[in-house]
Amino acid sequence: MIYLKLFLTFLEIGAVSFGGGYGMISLMREKALENMWLTEEELLNFIGVAESTPGPIAVNMATFIGSEQGGFFGSLCATLGIVLPSFIIILVIAALFRNLLKYKSVRAFLSGVRPCVIGLIFATGVTMLLSKLTGISTVYDEFSVDFIGAAIFAATVLFAVLYKKLSRKKPSPLLLVGISAVLGAVLYSI
């Protein structure tokens, strides 16, 4: 039954992922492609929509994937699956937090997890970037450059760098998403 599969898959993702929503994207990608719920292109589009809508990206992605596979109840099952482990873990940690941090092994564990999470987020970003700009998502895919996607990426990075240089503060992610969306709508419709 699709509802149970969605719930259990997203429960697993929520239970074994560290680093918040961005840390979950690589595992969500793997599971969505493995179960043939989405293509690589659809997944990239879902990530873009999930990033630009209010709320945590992992919850948004789970909701979108669940909705795509099972409608309202599919989105409900996927969302509950992704949220439930964190909810339970936070309840336990909140009850024990002060006592846990006094142990050197707990602090060492948390310090060791950080670089791993950064690596996962970086690897997922590079994989998605290469997939979008070169068309390569597996070793069997042929190289084909998406010049429009590369131009949008370059323009957005250039804007962010110039904005930071001129105003001495980082641009809002919403502004960057908006610029990318407008450029995408204009350039891909030509």
# chains A, B, ... in the order shown; residues from 1 in each chain; ligands from 1
>>> residues_around(residues="A:Val145", least_positions_apart="4", cutoff="7 Å", atoms="only C-alpha atoms", output="PDB file with N, CA, C and O atoms, in the first residue's frame")
ATOM      1  N   LEU A 133      23.134  21.244 -14.930  1.00  0.00           N
ATOM      2  CA  LEU A 133      23.902  21.976 -15.937  1.00  0.00           C
ATOM      3  C   LEU A 133      24.509  21.083 -17.019  1.00  0.00           C
ATOM      4  O   LEU A 133      24.739  21.549 -18.128  1.00  0.00           O
ATOM      5  N   THR A 134      24.776  19.815 -16.702  1.00  0.00           N
ATOM      6  CA  THR A 134      25.436  18.941 -17.679  1.00  0.00           C
ATOM      7  C   THR A 134      24.576  17.766 -18.108  1.00  0.00           C
ATOM      8  O   THR A 134      24.958  17.024 -19.009  1.00  0.00           O
ATOM      9  N   GLY A 135      23.434  17.549 -17.471  1.00  0.00           N
ATOM     10  CA  GLY A 135      22.582  16.431 -17.824  1.00  0.00           C
ATOM     11  C   GLY A 135      23.081  15.092 -17.316  1.00  0.00           C
ATOM     12  O   GLY A 135      22.534  14.054 -17.653  1.00  0.00           O
TER      13      GLY A 135
END
>>> closest_residue(among="A:Ile148, A:Ala108, A:Ala160, A:Leu6", to="A:Ser67", atoms="only C-alpha atoms")
A:Leu6
>>> residues_around(residues="A:Met61", least_positions_apart="3", cutoff="7 Å", atoms="only C-alpha atoms", output="PyMOL selection string")
chain A and resi 46-47+50+57-58+64-65
>>> closest_atom_pairs(of="stretch 26-107 of chain A", to="stretch 168-173 of chain A", cutoff="12 Å", atoms="only C-alpha atoms", output="Markdown table")
| residue | atom | partner | partner_atom | distance |
| --- | --- | --- | --- | --- |
| A:Glu51 | CA | A:Pro173 | CA | 9.5 |
| A:Ser52 | CA | A:Pro173 | CA | 9.0 |
| A:Thr53 | CA | A:Pro173 | CA | 11.9 |
>>> write_last_selection(atoms="C-alpha atoms", output="CSV table (one decimal), in the first residue's frame")
chain,number,residue,atom,x,y,z
A,51,GLU,CA,12.9,26.0,-1.1
A,52,SER,CA,10.7,28.9,-2.2
A,53,THR,CA,7.6,28.0,-0.2
>>> residues_around(residues="A:Cys77", least_positions_apart="3", cutoff="12 Å", atoms="only C-alpha atoms", output="number ranges by chain")
A: 1-11, 59, 62-67, 69-74, 80-84
>>> residues_around(residues="stretch 29-31 of chain A", least_positions_apart="5", cutoff="9 Å", atoms="only C-alpha atoms", output="VMD selection string")
chain A and resid 9 to 10 13 24 36 to 38 40 43 124
>>> write_last_selection(atoms="N, CA, C and O atoms", output="CSV table (one decimal), in the first residue's frame")
chain,number,residue,atom,x,y,z
A,9,THR,N,9.1,5.1,4.5
A,9,THR,CA,10.2,5.6,3.8
A,9,THR,C,10.6,6.9,4.4
A,9,THR,O,11.8,7.2,4.7
A,10,PHE,N,9.6,7.8,4.6
A,10,PHE,CA,10.0,9.1,5.2
A,10,PHE,C,10.3,9.0,6.7
A,10,PHE,O,11.0,9.9,7.2
A,13,ILE,N,13.9,8.2,6.7
A,13,ILE,CA,14.7,9.4,6.3
A,13,ILE,C,14.8,10.3,7.5
A,13,ILE,O,15.8,10.8,7.9
A,24,MET,N,18.8,16.2,4.7
A,24,MET,CA,17.9,15.1,4.3
A,24,MET,C,17.8,15.0,2.8
A,24,MET,O,17.3,14.0,2.3
A,36,MET,N,11.2,5.1,-7.8
A,36,MET,CA,10.7,5.7,-9.1
A,36,MET,C,9.5,6.5,-8.8
A,36,MET,O,8.5,6.5,-9.6
A,37,TRP,N,9.5,7.3,-7.7
A,37,TRP,CA,8.5,8.3,-7.5
A,37,TRP,C,8.6,9.5,-8.3
A,37,TRP,O,7.6,10.1,-8.7
A,38,LEU,N,9.9,9.9,-8.6
A,38,LEU,CA,10.2,11.1,-9.4
A,38,LEU,C,11.4,10.8,-10.3
A,38,LEU,O,12.2,10.0,-10.0
A,40,GLU,N,14.8,12.6,-12.0
A,40,GLU,CA,15.8,13.6,-11.5
A,40,GLU,C,15.3,15.0,-11.8
A,40,GLU,O,15.5,15.9,-10.9
A,43,LEU,N,12.5,15.9,-9.4
A,43,LEU,CA,13.1,16.1,-8.1
A,43,LEU,C,13.7,17.5,-8.0
A,43,LEU,O,13.5,18.2,-7.0
A,124,THR,N,25.5,16.8,-2.2
A,124,THR,CA,24.1,16.9,-2.8
A,124,THR,C,24.0,18.1,-3.7
A,124,THR,O,23.5,18.0,-4.8
>>> select_by_dssp(residues="stretch 11-154 of chain A", states="alpha helix (DSSP H)", output="PyMOL selection string")
chain A and resi 11-16+20-34+40-52+57-100+104-134+147-154
>>> closest_residue(among="A:Lys132, A:Arg107, A:Arg98, A:Lys165", to="A:Phe153", atoms="only C-alpha atoms")
A:Lys132
>>> closest_residue(among="A:Leu174, A:Ala32, A:Ala15, A:Ala181", to="A:Phe87", atoms="only C-alpha atoms")
A:Ala15
>>> residues_around(residues="A:Leu110", least_positions_apart="4", cutoff="12 Å", atoms="only C-alpha atoms", output="ChimeraX atom specification")
/A:18-19,100-101,103-106,114-117
>>> decode(residues="stretch 110-143 of chain A", atoms="N, CA and C atoms", output="PDB file, in the first residue's frame")
ATOM      1  N   LEU A 110      28.623  15.129  18.633  1.00  0.00           N
ATOM      2  CA  LEU A 110      28.025  16.258  17.915  1.00  0.00           C
ATOM      3  C   LEU A 110      29.068  16.998  17.082  1.00  0.00           C
ATOM      4  N   SER A 111      30.290  17.125  17.601  1.00  0.00           N
ATOM      5  CA  SER A 111      31.360  17.769  16.835  1.00  0.00           C
ATOM      6  C   SER A 111      31.760  16.928  15.630  1.00  0.00           C
ATOM      7  N   GLY A 112      31.693  15.620  15.757  1.00  0.00           N
ATOM      8  CA  GLY A 112      32.040  14.743  14.644  1.00  0.00           C
ATOM      9  C   GLY A 112      30.974  14.685  13.570  1.00  0.00           C
ATOM     10  N   VAL A 113      29.732  14.893  13.946  1.00  0.00           N
ATOM     11  CA  VAL A 113      28.635  14.838  12.979  1.00  0.00           C
ATOM     12  C   VAL A 113      28.626  16.077  12.084  1.00  0.00           C
ATOM     13  N   ARG A 114      29.023  17.210  12.593  1.00  0.00           N
ATOM     14  CA  ARG A 114      28.972  18.462  11.821  1.00  0.00           C
ATOM     15  C   ARG A 114      29.700  18.380  10.488  1.00  0.00           C
ATOM     16  N   PRO A 115      30.981  17.941  10.455  1.00  0.00           N
ATOM     17  CA  PRO A 115      31.657  17.863   9.143  1.00  0.00           C
ATOM     18  C   PRO A 115      30.966  16.894   8.178  1.00  0.00           C
ATOM     19  N   CYS A 116      30.420  15.827   8.694  1.00  0.00           N
ATOM     20  CA  CYS A 116      29.714  14.857   7.852  1.00  0.00           C
ATOM     21  C   CYS A 116      28.478  15.507   7.221  1.00  0.00           C
ATOM     22  N   VAL A 117      27.744  16.252   7.999  1.00  0.00           N
ATOM     23  CA  VAL A 117      26.547  16.923   7.493  1.00  0.00           C
ATOM     24  C   VAL A 117      26.933  17.950   6.434  1.00  0.00           C
ATOM     25  N   ILE A 118      27.981  18.703   6.684  1.00  0.00           N
ATOM     26  CA  ILE A 118      28.447  19.685   5.703  1.00  0.00           C
ATOM     27  C   ILE A 118      28.839  18.984   4.405  1.00  0.00           C
ATOM     28  N   GLY A 119      29.532  17.865   4.524  1.00  0.00           N
ATOM     29  CA  GLY A 119      29.916  17.095   3.344  1.00  0.00           C
ATOM     30  C   GLY A 119      28.713  16.580   2.571  1.00  0.00           C
ATOM     31  N   LEU A 120      27.696  16.081   3.283  1.00  0.00           N
ATOM     32  CA  LEU A 120      26.481  15.598   2.620  1.00  0.00           C
ATOM     33  C   LEU A 120      25.765  16.723   1.878  1.00  0.00           C
ATOM     34  N   ILE A 121      25.639  17.867   2.532  1.00  0.00           N
ATOM     35  CA  ILE A 121      24.969  19.002   1.899  1.00  0.00           C
ATOM     36  C   ILE A 121      25.761  19.459   0.676  1.00  0.00           C
ATOM     37  N   PHE A 122      27.087  19.540   0.795  1.00  0.00           N
ATOM     38  CA  PHE A 122      27.929  19.970  -0.316  1.00  0.00           C
ATOM     39  C   PHE A 122      27.836  18.976  -1.478  1.00  0.00           C
ATOM     40  N   ALA A 123      27.942  17.682  -1.168  1.00  0.00           N
ATOM     41  CA  ALA A 123      27.886  16.655  -2.220  1.00  0.00           C
ATOM     42  C   ALA A 123      26.535  16.667  -2.934  1.00  0.00           C
ATOM     43  N   THR A 124      25.468  16.843  -2.181  1.00  0.00           N
ATOM     44  CA  THR A 124      24.141  16.906  -2.794  1.00  0.00           C
ATOM     45  C   THR A 124      24.028  18.121  -3.702  1.00  0.00           C
ATOM     46  N   GLY A 125      24.520  19.259  -3.242  1.00  0.00           N
ATOM     47  CA  GLY A 125      24.498  20.473  -4.065  1.00  0.00           C
ATOM     48  C   GLY A 125      25.287  20.316  -5.343  1.00  0.00           C
ATOM     49  N   VAL A 126      26.480  19.738  -5.249  1.00  0.00           N
ATOM     50  CA  VAL A 126      27.317  19.530  -6.437  1.00  0.00           C
ATOM     51  C   VAL A 126      26.636  18.548  -7.388  1.00  0.00           C
ATOM     52  N   THR A 127      26.071  17.473  -6.850  1.00  0.00           N
ATOM     53  CA  THR A 127      25.383  16.483  -7.681  1.00  0.00           C
ATOM     54  C   THR A 127      24.207  17.111  -8.418  1.00  0.00           C
ATOM     55  N   MET A 128      23.408  17.905  -7.705  1.00  0.00           N
ATOM     56  CA  MET A 128      22.259  18.551  -8.342  1.00  0.00           C
ATOM     57  C   MET A 128      22.714  19.570  -9.374  1.00  0.00           C
ATOM     58  N   LEU A 129      23.767  20.319  -9.080  1.00  0.00           N
ATOM     59  CA  LEU A 129      24.278  21.314 -10.013  1.00  0.00           C
ATOM     60  C   LEU A 129      24.777  20.643 -11.289  1.00  0.00           C
ATOM     61  N   LEU A 130      25.573  19.584 -11.136  1.00  0.00           N
ATOM     62  CA  LEU A 130      26.076  18.873 -12.308  1.00  0.00           C
ATOM     63  C   LEU A 130      24.943  18.245 -13.110  1.00  0.00           C
ATOM     64  N   SER A 131      23.970  17.699 -12.408  1.00  0.00           N
ATOM     65  CA  SER A 131      22.830  17.086 -13.085  1.00  0.00           C
ATOM     66  C   SER A 131      22.068  18.117 -13.906  1.00  0.00           C
ATOM     67  N   LYS A 132      21.843  19.279 -13.335  1.00  0.00           N
ATOM     68  CA  LYS A 132      21.076  20.319 -14.024  1.00  0.00           C
ATOM     69  C   LYS A 132      21.864  20.939 -15.164  1.00  0.00           C
ATOM     70  N   LEU A 133      23.134  21.244 -14.930  1.00  0.00           N
ATOM     71  CA  LEU A 133      23.902  21.976 -15.937  1.00  0.00           C
ATOM     72  C   LEU A 133      24.509  21.083 -17.019  1.00  0.00           C
ATOM     73  N   THR A 134      24.776  19.815 -16.702  1.00  0.00           N
ATOM     74  CA  THR A 134      25.436  18.941 -17.679  1.00  0.00           C
ATOM     75  C   THR A 134      24.576  17.766 -18.108  1.00  0.00           C
ATOM     76  N   GLY A 135      23.434  17.549 -17.471  1.00  0.00           N
ATOM     77  CA  GLY A 135      22.582  16.431 -17.824  1.00  0.00           C
ATOM     78  C   GLY A 135      23.081  15.092 -17.316  1.00  0.00           C
ATOM     79  N   ILE A 136      24.120  15.091 -16.489  1.00  0.00           N
ATOM     80  CA  ILE A 136      24.706  13.845 -15.999  1.00  0.00           C
ATOM     81  C   ILE A 136      24.225  13.592 -14.571  1.00  0.00           C
ATOM     82  N   SER A 137      23.465  12.501 -14.394  1.00  0.00           N
ATOM     83  CA  SER A 137      23.073  12.110 -13.045  1.00  0.00           C
ATOM     84  C   SER A 137      23.517  10.688 -12.725  1.00  0.00           C
ATOM     85  N   THR A 138      23.873   9.922 -13.770  1.00  0.00           N
ATOM     86  CA  THR A 138      24.461   8.598 -13.586  1.00  0.00           C
ATOM     87  C   THR A 138      25.645   8.466 -14.540  1.00  0.00           C
ATOM     88  N   VAL A 139      26.441   7.425 -14.380  1.00  0.00           N
ATOM     89  CA  VAL A 139      27.614   7.244 -15.241  1.00  0.00           C
ATOM     90  C   VAL A 139      27.222   6.918 -16.678  1.00  0.00           C
ATOM     91  N   TYR A 140      25.977   6.549 -16.914  1.00  0.00           N
ATOM     92  CA  TYR A 140      25.517   6.177 -18.254  1.00  0.00           C
ATOM     93  C   TYR A 140      24.944   7.350 -19.042  1.00  0.00           C
ATOM     94  N   ASP A 141      24.742   8.476 -18.392  1.00  0.00           N
ATOM     95  CA  ASP A 141      24.162   9.638 -19.064  1.00  0.00           C
ATOM     96  C   ASP A 141      25.188  10.324 -19.956  1.00  0.00           C
ATOM     97  N   GLU A 142      24.668  10.942 -21.022  1.00  0.00           N
ATOM     98  CA  GLU A 142      25.546  11.677 -21.925  1.00  0.00           C
ATOM     99  C   GLU A 142      25.633  13.135 -21.481  1.00  0.00           C
ATOM    100  N   PHE A 143      26.773  13.719 -21.762  1.00  0.00           N
ATOM    101  CA  PHE A 143      27.054  15.110 -21.408  1.00  0.00           C
ATOM    102  C   PHE A 143      26.305  16.033 -22.369  1.00  0.00           C
TER     103      PHE A 143
END
